[in-house]
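Working notes, beginning with the structure itself.
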Amino acid sequence: MNVADDQAGQRVDNFVMARFRGLPRSRVYRLLRRGEVRVNGGRIGPEHRLQVGDRVRLPPVDLPPPRPVGEAPHYQLRELTGSILFENERLLVLDKPAGLACHGGSGVSFGVIEALRQLRPNQPFFELVHRLDRDTSGCLLIAKRRSTLRALHEQLRSGAVGKRYLALLVGQFPGRRQRVDAALDRYERGGERLVRVDAKGKPAQTVFQLRERFAGASLVEAELLSGRTHQIRVHAQHLRCPVAGDPKYGDPAAEAALGPVGLKRLFLHAARLQITPLDDETPQVFEAPLPASLESVLQRLRDTQPTPRHA
């Protein structure tokens, strides 16, 4: 099959997964490693980006029966409707609630994309521009056109998208500003996929800026200079100041010393996104306020732990 104009710029692994819906990601990568997927007659890696007119050869594959897509409950659809920060004919920006996955799968019956498609059944295209961890809240970009998706992916690759998060770290943050330049690599432990600092991994950079100090905790702003899985969480752990409420990379003993501050989720929030305008109508900066549940945690820390606080 030939690559059409609206498919150009896609990674070949995503292209294959779109054709073989329901096929496990590991199987797709195995097809690519074995050279069973060819582009213009040659072998390619999963990160290869397709161009208009490329000839893609796909092998015959027995697909599993389609998994029924779960429906989001009405209260969640109402919450999503009220969480839209911006929308035009090309782009939707969502203040994603914590606890909602970006995509269904791996035991999750639905995510943001499935819920949006349920909410807007006549909208022909909804695709994630990037991802947020399930337990992270805040700004999430969703493209409503393939051309918009390609344009924003190019901005992500070139570093033109600014991402800033607010995070509560357990422990005393060292100094006022720290740049962490530490490669990250994925691994499995007991069937769970995790990330760790490893020189053999992919380059990753995060800039942490102190916003407020507490006794035993620090509020920071984290700027992503790259976009790796669990990047802020693992880089914070690398500083020996893990993100509060983190079940994967946290320090339960140090967190317990904070006392009853009422934190019931990961304290990580995508507060601000900056993009190069796609047209005259698209604003350049999107901001999501800190959720009330996290703001109340900060207020309890201020009320119960008198200490010099501001950076």
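Following the order of the structure tokens, first chain is A, next is B, and so on, with residues numbered from 1 inside each chain and ligands from 1 in the order they appear.
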Please give the complete set of residues from segment 74-303 of chain A that DSSP, run on the backbone, assigns to helix (DSSP H, G or I), formatted as a ChimeraX atom specification. /A:74-82,112-119,146-158,231-238,252-256,292-303
Quick one: pull the distance between atom CA of Phe20 of chain A and atom CA of Arg57 of chain A, Å, one decimal.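 Going from atom CA of Phe20 of chain A over to atom CA of Arg57 of chain A, I get 13.0 Å.
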Using DSSP assignments from the backbone, pull out every residue in segment 8-120 of chain A that falls under strand (DSSP E) and give it to me as a list of chain:residue names. A:Arg38, A:Val39, A:Gly42, A:Arg43, A:Val56, A:Arg57, A:Ile84, A:Leu85, A:Phe86, A:Glu87, A:Leu91, A:Leu92, A:Val93, A:Leu94, A:Asp95, A:Lys96
What would the file look like if the residues just selected were written as a CSV table (one decimal), in the first residue's frame with all heavy atoms?
chain,number,residue,atom,x,y,z
A,38,ARG,N,8.2,-3.8,5.3
A,38,ARG,CA,9.2,-3.2,4.4
A,38,ARG,C,8.6,-1.9,3.9
A,38,ARG,O,7.4,-1.7,3.6
A,38,ARG,CB,9.4,-4.1,3.2
A,38,ARG,CG,10.0,-5.5,3.6
A,38,ARG,CD,11.5,-5.5,3.6
A,38,ARG,NE,12.1,-6.7,4.0
A,38,ARG,CZ,13.3,-7.1,3.7
A,38,ARG,NH1,14.1,-6.3,3.0
A,38,ARG,NH2,13.8,-8.2,4.2
A,39,VAL,N,9.5,-0.9,3.7
A,39,VAL,CA,9.2,0.4,3.2
A,39,VAL,C,10.1,0.6,1.9
A,39,VAL,O,11.3,0.6,2.1
A,39,VAL,CB,9.4,1.5,4.2
A,39,VAL,CG1,9.1,2.9,3.5
A,39,VAL,CG2,8.4,1.4,5.4
A,42,GLY,N,12.8,-1.9,1.6
A,42,GLY,CA,13.9,-2.1,2.5
A,42,GLY,C,13.4,-2.2,4.0
A,42,GLY,O,12.3,-1.9,4.3
A,43,ARG,N,14.3,-2.8,4.8
A,43,ARG,CA,14.0,-2.9,6.2
A,43,ARG,C,14.1,-1.5,6.9
A,43,ARG,O,14.9,-0.7,6.5
A,43,ARG,CB,15.0,-3.9,6.9
A,43,ARG,CG,14.9,-5.3,6.3
A,43,ARG,CD,16.0,-6.2,6.9
A,43,ARG,NE,15.9,-6.4,8.3
A,43,ARG,CZ,15.7,-7.6,8.8
A,43,ARG,NH1,15.7,-8.7,8.1
A,43,ARG,NH2,15.6,-7.8,10.1
A,56,VAL,N,4.5,0.6,1.4
A,56,VAL,CA,4.6,-0.2,2.7
A,56,VAL,C,4.1,-1.6,2.4
A,56,VAL,O,2.9,-1.7,2.0
A,56,VAL,CB,3.9,0.5,3.8
A,56,VAL,CG1,4.1,-0.3,5.1
A,56,VAL,CG2,4.3,1.9,4.0
A,57,ARG,N,4.9,-2.6,2.7
A,57,ARG,CA,4.5,-3.9,2.5
A,57,ARG,C,4.2,-4.5,3.9
A,57,ARG,O,5.1,-4.5,4.8
A,57,ARG,CB,5.6,-4.8,1.8
A,57,ARG,CG,5.0,-6.2,1.5
A,57,ARG,CD,6.2,-7.1,1.2
A,57,ARG,NE,6.9,-7.5,2.4
A,57,ARG,CZ,8.0,-8.3,2.4
A,57,ARG,NH1,8.5,-8.7,1.3
A,57,ARG,NH2,8.6,-8.6,3.6
A,84,ILE,N,-12.4,21.2,29.2
A,84,ILE,CA,-11.9,21.7,27.9
A,84,ILE,C,-11.4,23.1,28.1
A,84,ILE,O,-12.1,24.0,28.5
A,84,ILE,CB,-12.9,21.6,26.8
A,84,ILE,CG1,-13.3,20.2,26.4
A,84,ILE,CG2,-12.4,22.3,25.5
A,84,ILE,CD1,-14.4,20.0,25.5
A,85,LEU,N,-10.1,23.3,27.9
A,85,LEU,CA,-9.5,24.7,28.1
A,85,LEU,C,-9.6,25.5,26.8
A,85,LEU,O,-9.7,26.7,26.9
A,85,LEU,CB,-8.0,24.5,28.5
A,85,LEU,CG,-7.7,23.8,29.8
A,85,LEU,CD1,-6.2,23.5,29.9
A,85,LEU,CD2,-8.2,24.6,31.0
A,86,PHE,N,-9.5,24.8,25.7
A,86,PHE,CA,-9.5,25.5,24.4
A,86,PHE,C,-9.9,24.5,23.3
A,86,PHE,O,-9.6,23.4,23.4
A,86,PHE,CB,-8.2,26.1,24.0
A,86,PHE,CG,-8.1,26.6,22.6
A,86,PHE,CD1,-8.5,27.9,22.4
A,86,PHE,CD2,-7.5,25.9,21.6
A,86,PHE,CE1,-8.4,28.4,21.1
A,86,PHE,CE2,-7.5,26.4,20.3
A,86,PHE,CZ,-7.9,27.6,20.1
A,87,GLU,N,-10.7,25.0,22.3
A,87,GLU,CA,-11.0,24.2,21.2
A,87,GLU,C,-11.3,25.0,19.9
A,87,GLU,O,-11.9,26.1,20.0
A,87,GLU,CB,-12.2,23.3,21.5
A,87,GLU,CG,-12.6,22.4,20.4
A,87,GLU,CD,-13.8,21.4,20.7
A,87,GLU,OE1,-14.4,21.7,21.7
A,87,GLU,OE2,-14.0,20.5,19.9
A,91,LEU,N,-7.7,21.8,16.9
A,91,LEU,CA,-7.1,21.4,18.2
A,91,LEU,C,-8.0,21.5,19.3
A,91,LEU,O,-8.9,22.4,19.4
A,91,LEU,CB,-5.9,22.4,18.4
A,91,LEU,CG,-5.0,22.2,19.6
A,91,LEU,CD1,-4.2,20.9,19.5
A,91,LEU,CD2,-4.1,23.4,19.8
A,92,LEU,N,-7.9,20.6,20.3
A,92,LEU,CA,-8.6,20.6,21.5
A,92,LEU,C,-7.5,20.5,22.6
A,92,LEU,O,-6.7,19.6,22.6
A,92,LEU,CB,-9.6,19.4,21.6
A,92,LEU,CG,-10.5,19.4,22.8
A,92,LEU,CD1,-11.9,18.8,22.4
A,92,LEU,CD2,-9.9,18.6,24.0
A,93,VAL,N,-7.6,21.3,23.6
A,93,VAL,CA,-6.7,21.3,24.8
A,93,VAL,C,-7.6,21.0,26.0
A,93,VAL,O,-8.5,21.7,26.3
A,93,VAL,CB,-6.0,22.6,25.0
A,93,VAL,CG1,-4.9,22.5,26.1
A,93,VAL,CG2,-5.3,23.1,23.7
A,94,LEU,N,-7.2,19.9,26.7
A,94,LEU,CA,-7.9,19.4,27.8
A,94,LEU,C,-7.2,19.5,29.1
A,94,LEU,O,-5.9,19.3,29.1
A,94,LEU,CB,-8.3,17.9,27.6
A,94,LEU,CG,-9.2,17.2,28.5
A,94,LEU,CD1,-10.6,17.7,28.3
A,94,LEU,CD2,-9.2,15.7,28.3
A,95,ASP,N,-7.8,19.9,30.2
A,95,ASP,CA,-7.3,19.8,31.5
A,95,ASP,C,-7.6,18.4,32.0
A,95,ASP,O,-8.6,18.2,32.7
A,95,ASP,CB,-7.9,20.9,32.4
A,95,ASP,CG,-7.3,20.9,33.8
A,95,ASP,OD1,-6.4,20.1,34.1
A,95,ASP,OD2,-7.7,21.7,34.6
A,96,LYS,N,-6.7,17.4,31.7
A,96,LYS,CA,-7.0,16.0,32.0
A,96,LYS,C,-7.1,15.8,33.5
A,96,LYS,O,-6.2,16.1,34.2
A,96,LYS,CB,-5.9,15.1,31.4
A,96,LYS,CG,-6.3,13.6,31.5
A,96,LYS,CD,-5.2,12.7,31.1
A,96,LYS,CE,-4.2,12.5,32.3
A,96,LYS,NZ,-4.7,11.7,33.4
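Of the residues listed (A:Glu36, A:Ala72, A:Pro46, A:Glu79), A:Glu36 shows the shortest atom-to-atom separation from Leu58 of chain A; distances use only C-alpha atoms.
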Find, counting only C-alpha atoms, the residue in A:Pro121, A:Gly159, A:Gly259, A:Pro97 that gets nearest to Arg134 of chain A.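 Closest to Arg134 of chain A of all the choices is A:Pro97.
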